[in-house]
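Engineer: Take a look at upload18.txt, compact mmCIF, C-alpha atoms and all ligand atoms:
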```
# COMPACT_ATOMS: atom_id res chain seq x y z
CA MET L 30 19.19 4.84 -21.82
CA ALA L 31 18.60 1.57 -23.61
CA ASP L 32 21.47 -0.30 -25.27
CA PRO L 33 21.95 0.14 -29.06
CA ILE L 34 20.40 -3.27 -29.89
CA SER L 35 17.28 -2.56 -27.82
CA ARG L 36 17.05 0.87 -29.40
CA SER L 37 17.20 -0.52 -32.91
CA LEU L 38 14.63 -3.22 -32.09
CA HIS L 39 12.38 -0.51 -30.64
CA GLU L 40 12.67 1.57 -33.78
CA ARG L 41 11.50 -1.44 -35.79
CA ALA L 42 8.77 -2.21 -33.25
CA LEU L 43 7.43 1.34 -33.49
CA ARG L 44 6.75 0.77 -37.17
CA ARG L 45 4.62 -2.33 -36.62
CA ILE L 46 3.31 -2.28 -33.03
CA PRO L 47 1.46 0.74 -31.60
CA GLY L 48 3.91 2.49 -29.29
CA GLY L 49 6.29 -0.40 -29.97
CA VAL L 50 4.80 -2.47 -27.14
CA ASN L 51 2.05 -4.98 -26.47
CA SER L 52 1.15 -3.44 -23.09
CA PRO L 53 1.53 0.30 -22.53
CA VAL L 54 3.65 0.55 -19.34
CA ARG L 55 6.44 -1.44 -21.01
CA ALA L 56 7.15 1.54 -23.28
CA PHE L 57 9.07 3.26 -20.42
CA ARG L 58 7.51 6.58 -21.42
CA ALA L 59 6.61 7.46 -17.83
CA VAL L 60 10.27 7.32 -16.84
CA GLY L 61 11.57 9.11 -19.89
CA GLY L 62 13.56 6.30 -21.39
CA GLU L 63 13.32 3.54 -23.94
CA PRO L 64 12.48 -0.07 -23.12
CA VAL L 65 15.16 -2.69 -22.57
CA TYR L 66 14.50 -5.61 -24.92
CA VAL L 67 14.94 -8.79 -22.92
CA SER L 68 16.84 -11.76 -24.32
CA ARG L 69 16.64 -14.14 -21.36
CA ALA L 70 16.02 -14.41 -17.62
CA GLU L 71 17.16 -16.63 -14.78
CA GLY L 72 16.67 -16.41 -11.01
CA PRO L 73 16.60 -12.71 -10.01
CA TYR L 74 18.15 -11.54 -13.29
CA LEU L 75 17.11 -10.37 -16.74
CA TRP L 76 19.53 -9.93 -19.63
CA GLY L 77 19.01 -7.16 -22.15
CA ALA L 78 19.36 -7.65 -25.89
CA ASP L 79 23.03 -6.65 -25.72
CA GLY L 80 23.80 -9.07 -22.89
CA THR L 81 23.67 -6.50 -20.04
CA ARG L 82 22.52 -8.16 -16.82
CA TYR L 83 19.85 -6.51 -14.65
CA ILE L 84 18.49 -7.35 -11.20
CA ASP L 85 14.78 -7.67 -11.88
CA TYR L 86 12.11 -6.24 -9.58
CA VAL L 87 9.30 -6.42 -12.14
CA GLY L 88 9.17 -10.22 -12.14
CA SER L 89 6.91 -10.24 -15.20
CA TRP L 90 4.63 -7.90 -13.20
CA GLY L 91 4.15 -10.44 -10.44
CA PRO L 92 4.28 -14.07 -11.49
CA MET L 93 7.98 -14.85 -10.91
CA VAL L 94 7.90 -15.34 -7.14
CA LEU L 95 10.26 -18.33 -7.49
CA GLY L 96 12.64 -16.43 -9.76
CA HIS L 97 12.94 -16.81 -13.50
CA ALA L 98 13.40 -20.14 -15.28
CA HIS L 99 12.94 -22.32 -12.20
CA PRO L 100 14.11 -25.82 -13.26
CA ALA L 101 11.06 -27.66 -11.87
CA ILE L 102 8.68 -25.36 -13.70
CA LEU L 103 10.64 -25.61 -16.94
CA ARG L 104 10.55 -29.40 -16.61
CA ALA L 105 6.78 -29.41 -16.03
CA ILE L 106 6.23 -27.14 -19.04
CA THR L 107 8.47 -29.21 -21.31
CA GLU L 108 6.91 -32.50 -20.31
CA ALA L 109 3.40 -31.16 -20.74
CA ALA L 110 4.18 -29.54 -24.10
CA ALA L 111 5.52 -32.84 -25.42
CA MET L 112 2.05 -34.31 -24.86
CA GLY L 113 0.37 -31.61 -26.98
CA THR L 114 -0.05 -27.92 -26.32
CA SER L 115 -3.83 -27.45 -26.35
CA TYR L 116 -6.82 -29.79 -26.54
CA GLY L 117 -9.88 -27.64 -25.86
CA ALA L 118 -11.13 -30.56 -23.78
CA PRO L 119 -10.98 -31.42 -20.07
CA THR L 120 -7.83 -32.90 -18.53
CA GLU L 121 -6.88 -34.58 -15.25
CA ARG L 122 -4.45 -31.74 -14.60
CA GLU L 123 -7.28 -29.19 -14.52
CA VAL L 124 -8.98 -31.23 -11.81
CA LEU L 125 -5.79 -31.45 -9.76
CA PHE L 126 -5.20 -27.76 -10.24
CA ALA L 127 -8.75 -26.77 -9.23
CA GLU L 128 -8.42 -28.96 -6.13
CA ALA L 129 -5.10 -27.35 -5.22
CA LEU L 130 -6.48 -23.82 -5.68
CA CYS L 131 -9.57 -24.49 -3.57
CA GLU L 132 -7.47 -26.08 -0.85
CA ALA L 133 -5.11 -23.09 -0.72
CA VAL L 134 -7.91 -20.50 -0.80
CA PRO L 135 -10.78 -22.00 1.23
CA SER L 136 -13.27 -19.22 0.37
CA MET L 137 -13.23 -20.77 -3.13
CA GLU L 138 -15.44 -23.83 -3.07
CA LYS L 139 -15.38 -23.91 -6.84
CA VAL L 140 -13.12 -22.29 -9.38
CA ARG L 141 -13.05 -21.68 -13.11
CA LEU L 142 -9.88 -21.18 -15.12
CA CYS L 143 -9.33 -18.56 -17.79
CA SER L 144 -6.27 -16.97 -19.37
CA SER L 145 -5.76 -13.46 -17.95
CA GLY L 146 -6.54 -11.29 -14.94
CA THR L 147 -8.71 -9.12 -17.17
CA GLU L 148 -10.86 -12.12 -18.04
CA ALA L 149 -11.02 -13.27 -14.42
CA CYS L 150 -12.27 -9.90 -13.13
CA MET L 151 -14.66 -9.32 -16.01
CA SER L 152 -16.13 -12.81 -15.59
CA ALA L 153 -16.38 -12.61 -11.80
CA LEU L 154 -18.34 -9.38 -12.05
CA ARG L 155 -20.64 -10.73 -14.76
CA LEU L 156 -21.29 -13.63 -12.42
CA ALA L 157 -21.92 -11.29 -9.50
CA ARG L 158 -24.44 -9.38 -11.59
CA GLY L 159 -26.09 -12.58 -12.77
CA PHE L 160 -26.26 -13.96 -9.25
CA THR L 161 -27.66 -10.85 -7.57
CA GLY L 162 -29.78 -9.60 -10.46
CA ARG L 163 -28.28 -6.14 -9.89
CA ASP L 164 -26.30 -3.97 -12.31
CA LYS L 165 -24.02 -1.69 -10.32
CA VAL L 166 -20.49 -2.44 -9.24
CA LEU L 167 -18.32 -0.39 -6.93
CA LYS L 168 -14.58 -0.08 -7.49
CA PHE L 169 -11.90 2.15 -6.02
CA GLU L 170 -10.02 5.06 -7.61
CA GLY L 171 -6.58 3.93 -8.72
CA CYS L 172 -7.39 0.24 -8.51
CA TYR L 173 -7.01 -1.68 -11.76
CA HIS L 174 -8.92 -4.84 -12.56
CA GLY L 175 -7.92 -5.33 -16.18
CA HIS L 176 -9.16 -3.54 -19.24
CA ALA L 177 -12.80 -4.61 -19.57
CA ASP L 178 -14.83 -1.56 -20.66
CA PHE L 179 -16.79 -1.10 -17.46
CA LEU L 180 -13.66 -1.37 -15.30
CA LEU L 181 -11.69 1.34 -17.11
CA VAL L 182 -13.17 3.94 -14.82
CA LYS L 183 -10.73 5.87 -12.61
CA ALA L 184 -8.39 2.96 -13.25
CA GLY L 185 -4.82 2.70 -11.99
CA SER L 186 -1.81 0.94 -13.56
CA GLY L 187 -1.00 1.92 -17.16
CA ALA L 188 -4.34 3.73 -17.48
CA ALA L 189 -3.28 6.13 -14.72
CA THR L 190 0.35 6.24 -15.87
CA PHE L 191 -0.69 7.44 -19.31
CA GLY L 192 -3.44 9.76 -18.11
CA VAL L 193 -6.35 7.71 -19.43
CA PRO L 194 -8.02 6.43 -16.25
CA ASP L 195 -11.30 6.72 -18.16
CA SER L 196 -10.29 5.32 -21.54
CA ALA L 197 -11.58 6.59 -24.86
CA GLY L 198 -13.65 3.94 -26.58
CA VAL L 199 -15.65 3.06 -23.49
CA PRO L 200 -19.30 3.98 -24.17
CA GLU L 201 -20.93 6.05 -21.46
CA ALA L 202 -23.51 3.26 -21.17
CA ALA L 203 -20.79 0.72 -20.31
CA ALA L 204 -19.45 2.87 -17.47
CA ARG L 205 -22.79 4.10 -16.14
CA ASN L 206 -23.13 1.27 -13.65
CA THR L 207 -19.60 1.56 -12.31
CA LEU L 208 -19.49 3.49 -9.04
CA THR L 209 -16.19 4.64 -7.53
CA ALA L 210 -14.93 5.58 -4.10
CA ARG L 211 -11.61 6.50 -2.57
CA PHE L 212 -9.54 3.52 -1.43
CA ASN L 213 -9.43 3.27 2.37
CA ASP L 214 -12.41 5.63 2.72
CA LEU L 215 -15.04 3.48 4.40
CA ASP L 216 -17.29 6.48 5.07
CA ALA L 217 -17.54 7.12 1.33
CA VAL L 218 -18.48 3.48 0.73
CA ARG L 219 -21.05 3.67 3.53
CA ALA L 220 -22.64 6.71 1.92
CA ILE L 221 -22.81 5.01 -1.48
CA PHE L 222 -24.43 1.93 0.04
CA ALA L 223 -26.89 4.09 2.00
CA ALA L 224 -28.02 5.70 -1.25
CA GLN L 225 -27.85 2.79 -3.71
CA GLY L 226 -27.21 -0.37 -1.68
CA SER L 227 -30.08 -2.36 -3.18
CA GLU L 228 -28.69 -1.83 -6.70
CA ILE L 229 -25.09 -2.84 -6.05
CA ALA L 230 -24.14 -6.31 -7.27
CA ALA L 231 -20.55 -6.26 -6.04
CA VAL L 232 -17.66 -4.37 -4.57
CA ILE L 233 -14.35 -5.25 -6.23
CA VAL L 234 -11.09 -4.31 -4.56
CA GLU L 235 -7.38 -5.10 -4.65
CA PRO L 236 -6.94 -5.99 -0.96
CA VAL L 237 -3.43 -4.56 -1.12
CA VAL L 238 -3.31 -2.25 -4.11
CA GLY L 239 -0.44 -2.80 -6.52
CA ASN L 240 -1.72 -0.73 -9.40
CA MET L 241 -1.16 2.73 -7.90
CA GLY L 242 2.04 1.51 -6.33
CA CYS L 243 1.82 -0.58 -3.19
CA VAL L 244 -0.94 0.72 -0.92
CA PRO L 245 -2.04 -1.40 2.05
CA PRO L 246 -5.58 -1.40 3.41
CA ALA L 247 -6.14 0.71 6.53
CA PRO L 248 -7.05 -1.34 9.61
CA GLY L 249 -10.74 -2.22 9.39
CA PHE L 250 -11.18 -1.20 5.74
CA LEU L 251 -11.52 -4.69 4.25
CA GLU L 252 -13.58 -5.87 7.23
CA GLY L 253 -15.84 -2.83 6.75
CA LEU L 254 -16.35 -3.67 3.07
CA ARG L 255 -17.21 -7.23 4.04
CA ALA L 256 -19.81 -6.05 6.56
CA LEU L 257 -21.39 -3.54 4.16
CA CYS L 258 -21.63 -6.12 1.38
CA THR L 259 -23.24 -8.64 3.71
CA GLU L 260 -25.66 -6.06 5.07
CA HIS L 261 -26.78 -4.97 1.60
CA GLY L 262 -26.74 -8.31 -0.21
CA ALA L 263 -23.83 -7.35 -2.47
CA LEU L 264 -20.90 -9.67 -3.22
CA LEU L 265 -17.37 -8.85 -2.10
CA VAL L 266 -14.88 -9.64 -4.87
CA LEU L 267 -11.24 -9.64 -3.84
CA ASP L 268 -8.98 -9.10 -6.83
CA GLU L 269 -6.01 -11.19 -5.77
CA VAL L 270 -4.38 -11.25 -9.20
CA MET L 271 -1.30 -9.64 -7.63
CA THR L 272 -1.64 -10.67 -3.98
CA GLY L 273 -2.75 -14.27 -4.52
CA PHE L 274 0.03 -16.71 -3.56
CA ARG L 275 2.34 -13.70 -3.13
CA LEU L 276 1.45 -12.40 0.33
CA ALA L 277 0.70 -15.90 1.59
CA ARG L 278 -0.35 -19.19 0.05
CA GLY L 279 -3.92 -18.22 0.91
CA GLY L 280 -3.46 -14.69 -0.45
CA ALA L 281 -4.33 -11.39 1.19
CA GLN L 282 -7.59 -12.86 2.47
CA ALA L 283 -5.56 -15.22 4.67
CA VAL L 284 -3.32 -12.39 5.87
CA PHE L 285 -6.16 -9.98 6.69
CA GLY L 286 -8.74 -12.57 7.74
CA VAL L 287 -11.45 -11.39 5.35
CA THR L 288 -13.63 -13.89 3.48
CA PRO L 289 -14.80 -12.72 0.05
CA ASP L 290 -17.67 -14.15 -1.94
CA LEU L 291 -15.53 -14.32 -5.07
CA THR L 292 -11.78 -14.17 -5.65
CA THR L 293 -9.85 -13.48 -8.82
CA LEU L 294 -6.38 -14.92 -9.35
CA GLY L 295 -3.71 -14.60 -12.05
CA LYS L 296 0.03 -14.05 -12.35
CA ILE L 297 1.64 -16.51 -9.84
CA VAL L 298 -1.03 -19.20 -10.37
CA GLY L 299 0.12 -19.58 -13.97
CA GLY L 300 3.80 -19.98 -13.16
CA GLY L 301 4.65 -17.46 -15.88
CA LEU L 302 2.21 -18.82 -18.47
CA PRO L 303 -1.12 -17.23 -19.43
CA LEU L 304 -3.48 -18.58 -16.81
CA ALA L 305 -5.93 -16.95 -14.39
CA ALA L 306 -8.91 -18.05 -12.34
CA PHE L 307 -11.94 -16.90 -10.46
CA GLY L 308 -13.77 -18.78 -7.76
CA GLY L 309 -15.95 -18.57 -4.71
CA ARG L 310 -18.96 -20.01 -3.00
CA ALA L 311 -20.47 -22.98 -4.85
CA GLU L 312 -23.97 -21.49 -4.95
CA ILE L 313 -22.55 -18.49 -6.82
CA MET L 314 -20.17 -20.41 -9.09
CA ASP L 315 -22.98 -22.81 -10.06
CA ARG L 316 -24.71 -19.92 -11.81
CA LEU L 317 -22.09 -20.25 -14.55
CA ALA L 318 -22.96 -22.03 -17.80
CA PRO L 319 -23.43 -24.94 -18.38
CA LEU L 320 -25.16 -25.18 -14.94
CA GLY L 321 -26.61 -21.68 -14.88
CA PRO L 322 -27.44 -18.71 -17.09
CA VAL L 323 -24.18 -16.72 -16.79
CA TYR L 324 -22.06 -17.37 -19.88
CA GLN L 325 -18.28 -17.56 -19.77
CA ALA L 326 -15.89 -19.55 -21.98
CA GLY L 327 -12.41 -19.73 -23.51
CA THR L 328 -10.53 -21.84 -26.07
CA LEU L 329 -7.31 -21.82 -24.03
CA SER L 330 -8.96 -21.95 -20.59
CA GLY L 331 -7.32 -24.68 -18.51
CA ASN L 332 -4.60 -25.07 -21.11
CA PRO L 333 -2.52 -28.21 -20.39
CA VAL L 334 0.86 -26.47 -20.52
CA ALA L 335 -0.29 -23.54 -18.38
CA THR L 336 -1.87 -25.81 -15.75
CA ALA L 337 1.36 -27.83 -15.64
CA ALA L 338 3.32 -24.66 -14.89
CA GLY L 339 0.70 -23.62 -12.34
CA LEU L 340 0.66 -26.96 -10.54
CA ALA L 341 4.47 -27.08 -10.40
CA THR L 342 4.52 -23.55 -8.99
CA LEU L 343 1.90 -24.26 -6.33
CA SER L 344 3.81 -27.35 -5.21
CA LEU L 345 6.84 -25.16 -4.42
CA LEU L 346 5.03 -22.46 -2.41
CA THR L 347 5.85 -23.72 1.09
CA PRO L 348 5.47 -21.82 4.39
CA ASP L 349 9.28 -21.39 4.47
CA LEU L 350 9.16 -19.60 1.15
CA TYR L 351 6.94 -16.88 2.64
CA VAL L 352 9.31 -16.48 5.59
CA THR L 353 12.15 -15.96 3.11
CA LEU L 354 10.14 -13.47 1.03
CA GLU L 355 9.35 -11.47 4.16
CA ARG L 356 12.99 -11.45 5.28
CA ILE L 357 14.09 -10.19 1.86
CA GLY L 358 11.32 -7.59 1.83
CA ALA L 359 12.19 -6.31 5.30
CA ARG L 360 15.85 -5.91 4.35
CA LEU L 361 14.96 -4.09 1.14
CA GLU L 362 12.47 -1.82 2.87
CA ALA L 363 14.86 -0.77 5.64
CA GLY L 364 17.81 -0.50 3.24
CA LEU L 365 15.94 1.66 0.74
CA ARG L 366 14.67 3.94 3.49
CA ASP L 367 18.17 4.34 4.96
CA ALA L 368 19.71 4.95 1.56
CA ALA L 369 17.14 7.62 0.70
CA ARG L 370 17.63 9.34 4.06
CA ALA L 371 21.40 9.34 3.67
CA ALA L 372 21.06 10.85 0.19
CA GLY L 373 18.56 13.47 1.35
CA ALA L 374 15.79 12.16 -0.93
CA THR L 375 12.21 12.52 0.30
CA VAL L 376 10.53 9.16 -0.10
CA THR L 377 7.97 6.91 1.55
CA VAL L 378 8.70 3.20 1.22
CA GLN L 379 5.52 1.09 1.41
CA ARG L 380 5.62 -2.69 1.49
CA VAL L 381 3.41 -5.64 2.23
CA GLY L 382 5.31 -8.93 2.03
CA ALA L 383 6.89 -9.31 -1.38
CA MET L 384 5.35 -6.22 -3.00
CA TRP L 385 6.59 -2.67 -2.42
CA THR L 386 6.96 0.83 -3.80
CA VAL L 387 9.30 3.74 -3.21
CA PHE L 388 6.96 6.76 -3.46
CA PHE L 389 8.66 10.10 -3.98
CA THR L 390 6.49 11.87 -1.44
CA ASP L 391 6.74 12.48 2.28
CA GLY L 392 3.44 11.26 3.65
CA PRO L 393 1.90 7.84 3.87
CA VAL L 394 0.14 6.91 0.62
CA ARG L 395 -3.34 5.68 1.47
CA SER L 396 -5.30 6.46 -1.69
CA TRP L 397 -5.01 7.48 -5.31
CA ASP L 398 -5.14 11.15 -4.25
CA ASP L 399 -1.98 10.57 -2.20
CA ALA L 400 -0.30 8.44 -4.89
CA ARG L 401 -0.81 10.93 -7.68
CA GLY L 402 0.73 13.63 -5.49
CA ALA L 403 4.09 11.83 -5.68
CA ASP L 404 6.93 13.48 -7.59
CA THR L 405 6.93 11.39 -10.76
CA LYS L 406 9.88 13.33 -12.21
CA ALA L 407 12.03 12.39 -9.22
CA PHE L 408 10.83 8.80 -9.57
CA ALA L 409 11.85 8.87 -13.25
CA ARG L 410 15.34 10.12 -12.35
CA TRP L 411 15.66 7.39 -9.73
CA HIS L 412 14.46 4.77 -12.20
CA GLN L 413 17.03 5.90 -14.77
CA GLY L 414 19.77 5.90 -12.13
CA MET L 415 18.88 2.37 -11.06
CA LEU L 416 18.66 1.11 -14.62
CA LYS L 417 22.09 2.41 -15.54
CA ARG L 418 23.43 0.61 -12.45
CA GLY L 419 21.81 -2.65 -13.50
CA VAL L 420 18.57 -2.63 -11.48
CA TYR L 421 15.33 -3.06 -13.43
CA LEU L 422 12.34 -1.49 -11.64
CA PRO L 423 8.72 -1.06 -12.76
CA PRO L 424 8.80 1.88 -15.19
CA SER L 425 6.07 3.84 -13.41
CA GLN L 426 5.63 5.35 -9.95
CA TRP L 427 2.25 3.64 -9.92
CA GLU L 428 3.24 -0.01 -10.29
CA ALA L 429 4.36 -2.18 -7.38
CA ALA L 430 7.80 -3.78 -7.44
CA PHE L 431 8.09 -7.51 -6.73
CA HIS L 432 10.95 -9.59 -5.43
CA SER L 433 11.43 -13.35 -5.53
CA VAL L 434 13.01 -15.89 -3.24
CA THR L 435 16.10 -15.79 -5.46
CA HIS L 436 16.91 -12.20 -4.46
CA ASP L 437 19.64 -13.29 -2.05
CA ASP L 438 21.89 -11.13 0.12
CA ALA L 439 24.42 -10.49 -2.64
CA VAL L 440 21.61 -9.31 -4.93
CA LEU L 441 20.22 -7.08 -2.18
CA ASP L 442 23.69 -5.63 -1.45
CA ALA L 443 24.04 -4.71 -5.12
CA THR L 444 20.51 -3.25 -5.21
CA LEU L 445 21.04 -1.09 -2.14
CA ALA L 446 24.44 0.13 -3.32
CA ALA L 447 22.82 1.21 -6.60
CA ALA L 448 19.92 2.80 -4.74
CA ALA L 449 22.21 4.86 -2.52
CA GLU L 450 23.79 6.49 -5.57
CA ALA L 451 20.57 6.77 -7.58
CA PHE L 452 18.71 8.52 -4.74
CA GLY L 453 21.36 11.23 -4.88
CA GLU L 454 20.61 11.76 -8.58
CA ALA L 455 16.83 11.62 -8.01
CA ARG L 456 16.97 14.77 -5.88
CA GLY L 457 17.50 16.61 -9.15
N1 LIG U 501 -0.68 -3.28 -16.28
C1 LIG U 501 0.22 -4.34 -16.00
C2 LIG U 501 0.75 -4.23 -14.62
N2 LIG U 501 -0.13 -3.78 -13.63
C3 LIG U 501 1.32 -4.35 -17.00
C4 LIG U 501 1.45 -5.65 -17.64
C5 LIG U 501 2.51 -5.72 -18.72
O1 LIG U 501 2.87 -4.72 -19.30
O2 LIG U 501 2.96 -6.82 -18.98
```
How does the structure come out when it is put into structure tokens?
Structural biologist:
Amino acid sequence: MADPISRSLHERALRRIPGGVNSPVRAFRAVGGEPVYVSRAEGPYLWGADGTRYIDYVGSWGPMVLGHAHPAILRAITEAAAMGTSYGAPTEREVLFAEALCEAVPSMEKVRLCSSGTEACMSALRLARGFTGRDKVLKFEGCYHGHADFLLVKAGSGAATFGVPDSAGVPEAAARNTLTARFNDLDAVRAIFAAQGSEIAAVIVEPVVGNMGCVPPAPGFLEGLRALCTEHGALLVLDEVMTGFRLARGGAQAVFGVTPDLTTLGKIVGGGLPLAAFGGRAEIMDRLAPLGPVYQAGTLSGNPVATAAGLATLSLLTPDLYVTLERIGARLEAGLRDAARAAGATVTVQRVGAMWTVFFTDGPVRSWDDARGADTKAFARWHQGMLKRGVYLPPSQWEAAFHSVTHDDAVLDATLAAAAEAFGEARG
């Protein structure tokens, strides 16, 4: 249960903000509680409105891989803000940032900045359609690529959590050209390409899904998508909004050795400020206005404060950092599994690098069909048990948890001690 200050803020919020929140999953409805209103954050911790400290595994839904309020990032933001917060004109920092992104993710010869993952995915797919002259796009059930109309089809994340994977307000015409298949089901994709391959502009996929909980690709799945796209002249778009700079500096594409035509980035690249990007082969990117006929724009795109935070973040993402993230993840994964077993709770812990999910189900989770079979009531009890012990987890079975390099051994000890008790309560 939320503290009295959070509760009273939420009552006021409900009067002025739909559902009291500016993004649905934050409402905590899926876990039967009320949201904690956050007053500050530092390292691996958040503090609630009443001063209660929580170990944070939401990490602003992905960006905070270095922990909250990293001094170098705060310095970069402060210095940049003192020079003016927005110009709507090009800056040297944008050039440096674009160079750094393209160097880290070599499949991106050129990149354009925008302000959110939704914008990045929507724009990348408009570009794919403009480049190929085709209308159809293929996405996967339970994957979430932001809330553009044509992508709210069998969508994961909050759309799945609140039972609106096909949102009201999306005209049938907007969704008509969106095809869907089961994640990790290459045969289904093959059949769709066999029937409609010449009409498909792009396949978009989260290479490791975070938006139905953490679901890794089956061996050969991403490679198979790459081959089918190449064979049929469609573009492969890897949505690396979550995985970019989290699984490796080069993202999931570096880990799995798959080269997309276009990549979308968000979250970590902005260092906690609103910044996202999409990029890819130059011949595709050069179809964007002002060079080409595909229009895309934004007042705050390449914002000087956001690019300062992004550049400072990128400069800190060393190879050692990924070794540390993996060590932390391995300890959490094994510890959570052991704790669940000891408590007699039936769970499957899935993790890739610094993203993971405890699914309340006994099998491996390979697709949305598997994920939605999880016991969401048991997850809710576990979530409540963890929260009351000071551990802040994503408030939905279908959102990945994220740790940072600041989750040290003492933090992990506290997390696993809480988990051991909370698993007992989750059994119901
Ligand atoms: N749908 C987002 C995570 N996948 C939630 C973002 C937010 O509430 O801030």
Engineer: I'd like to know which of L:Gly187, L:Gly253, L:Pro200, L:Gly321 is closest to Leu215 of chain L, using all atoms listed in the file.
Structural biologist: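 When distances to Leu215 of chain L are compared using all atoms listed in the file, the smallest one comes from L:Gly253.
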Engineer: Between L:Gly72, L:Gly48, L:Gly80, L:Gly402, which residue has the minimum interatomic distance to Ala31 of chain L, considering only C-alpha atoms?
Structural biologist: L:Gly80
Engineer: Please check which protein, DNA or RNA residues sit within 7 Å of ligand LIG 501 (chain U), counting all atoms listed in the file, and write them as a ChimeraX atom specification.
Structural biologist: /L:52-55,89-90,186-187,240,428
Engineer: For a test of reading the model, state the distance in Å between atom CA of Leu294 of chain L and atom CA of Thr259 of chain L, rounded to one decimal.
Structural biologist: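 Distance between the two atoms: 22.2 Å.
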Engineer: If we count only C-alpha atoms, what is near Ala341 of chain L at a cut-off of 12 Å, once residues fewer than 3 positions away on the same chain are taken out, given as a PyMOL selection string?
Structural biologist: chain L and resi 95+99-109+122+125-126+129+297-302+334-338+344-346
Engineer: Between L:Asp315, L:Asp164, L:Asp290, L:Asp32, which residue has the minimum interatomic distance to Arg141 of chain L, considering only C-alpha atoms?
Structural biologist: L:Asp315
Engineer: Find the spatial neighbours of segment 144-156 of chain L, counting only C-alpha atoms, within a cut-off of 8 Å - ignore same-chain residues fewer than 6 positions away - and output them as a PyMOL selection string.
Structural biologist: chain L and resi 166+174-177+231+266+268+270+291-296+303-308+313-314+316-317+323+325+327+329-331
Engineer: Out of L:Arg366, L:Asp85, L:Ala256, L:Tyr74, which residue has the shortest atom-to-atom distance to Met415 of chain L when counting all atoms listed in the file?
Structural biologist: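 That would be L:Asp85, the residue with the smallest distance to Met415 of chain L.
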Engineer: Between L:Arg69, L:Arg310, L:Arg58, L:His261, which residue has the minimum interatomic distance to Gly226 of chain L, considering all atoms listed in the file?
Structural biologist: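 Checking each candidate against Gly226 of chain L, we get L:His261 as the closest.
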Engineer: Distance cut-off 10 Å, centre (5.8, 11.9, 2.0) in file coordinates, counting only C-alpha atoms: which residues qualify? Return them as a list of chain:residue names.
Structural biologist: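 Checking each residue against the 10 Å limit leaves L:Thr375, L:Val376, L:Thr377, L:Val378, L:Phe388, L:Phe389, L:Thr390, L:Asp391, L:Gly392, L:Pro393, L:Val394, L:Asp399, L:Ala400, L:Gly402, L:Ala403, L:Asp404.
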Engineer: Restricting it to C-alpha atoms, dump the selection as a PDB file, in the coordinates of the input.
Structural biologist:
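Writing the result to result_27.pdb gives the following:
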```
ATOM      1  CA  THR L 375      12.210  12.520   0.300  1.00  0.00           C
ATOM      2  CA  VAL L 376      10.530   9.160  -0.100  1.00  0.00           C
ATOM      3  CA  THR L 377       7.970   6.910   1.550  1.00  0.00           C
ATOM      4  CA  VAL L 378       8.700   3.200   1.220  1.00  0.00           C
ATOM      5  CA  PHE L 388       6.960   6.760  -3.460  1.00  0.00           C
ATOM      6  CA  PHE L 389       8.660  10.100  -3.980  1.00  0.00           C
ATOM      7  CA  THR L 390       6.490  11.870  -1.440  1.00  0.00           C
ATOM      8  CA  ASP L 391       6.740  12.480   2.280  1.00  0.00           C
ATOM      9  CA  GLY L 392       3.440  11.260   3.650  1.00  0.00           C
ATOM     10  CA  PRO L 393       1.900   7.840   3.870  1.00  0.00           C
ATOM     11  CA  VAL L 394       0.140   6.910   0.620  1.00  0.00           C
ATOM     12  CA  ASP L 399      -1.980  10.570  -2.200  1.00  0.00           C
ATOM     13  CA  ALA L 400      -0.300   8.440  -4.890  1.00  0.00           C
ATOM     14  CA  GLY L 402       0.730  13.630  -5.490  1.00  0.00           C
ATOM     15  CA  ALA L 403       4.090  11.830  -5.680  1.00  0.00           C
ATOM     16  CA  ASP L 404       6.930  13.480  -7.590  1.00  0.00           C
TER      17      ASP L 404
END
```
Engineer: Using all atoms listed in the file, which residue out of L:Ala184, L:Leu75, L:Ala263, L:Leu251 lies closest to Val87 of chain L?
Structural biologist: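 Nearest candidate to Val87 of chain L out of L:Ala184, L:Leu75, L:Ala263, L:Leu251: L:Leu75.
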Engineer: If we count all atoms listed in the file, what is near Glu450 of chain L at a cut-off of 10 Å, once residues fewer than 6 positions away on the same chain are taken out, given as a PyMOL selection string?
Structural biologist: chain L and resi 368-369+371-372+411+414-415+418
Engineer: What does the distance from atom CA of Val287 of chain L to atom CA of Glu252 of chain L come to in Å, to one decimal?
Structural biologist: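 These atoms are spaced 6.2 Å apart.
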Engineer: What's the separation between atom CA of Glu235 of chain L and atom CA of Val434 of chain L, in Å to one decimal place?
Structural biologist: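 Atom-to-atom, atom CA of Glu235 of chain L to atom CA of Val434 of chain L, that is 23.1 Å.
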Engineer: Starting from 4 Å padding per side, set up an axis-aligned box that covers all listed atoms of segment 430-437 of chain L and hand over centre and edge lengths in Å, one decimal, as JSON.
Structural biologist:
```
{"center_x": 13.7, "center_y": -9.8, "center_z": -4.7, "size_x": 19.8, "size_y": 20.1, "size_z": 13.4}
```
Engineer: Any idea what's packed within 9 Å of Met384 of chain L, counting only C-alpha atoms, ignoring anything in its chain fewer than 4 positions away? Could you give it as a PyMOL selection string?
Structural biologist: chain L and resi 91+239+243+271-272+275-276+358+379-380+429-432
Engineer: When you look at Pro333 of chain L with a cut-off of 10 Å (counting only C-alpha atoms), what residues show up, excluding the ones that are within fewer than 5 positions of it in the same chain? I need them as a list in words.
Structural biologist: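 Those residues are Ile106, Ala109, Ala110, Met112, Gly113, Thr114, Ser115, Tyr116, Gly117, Ala118, Pro119, Thr120, Glu121, Arg122, Glu123, Ala338 and Gly339 of chain L.
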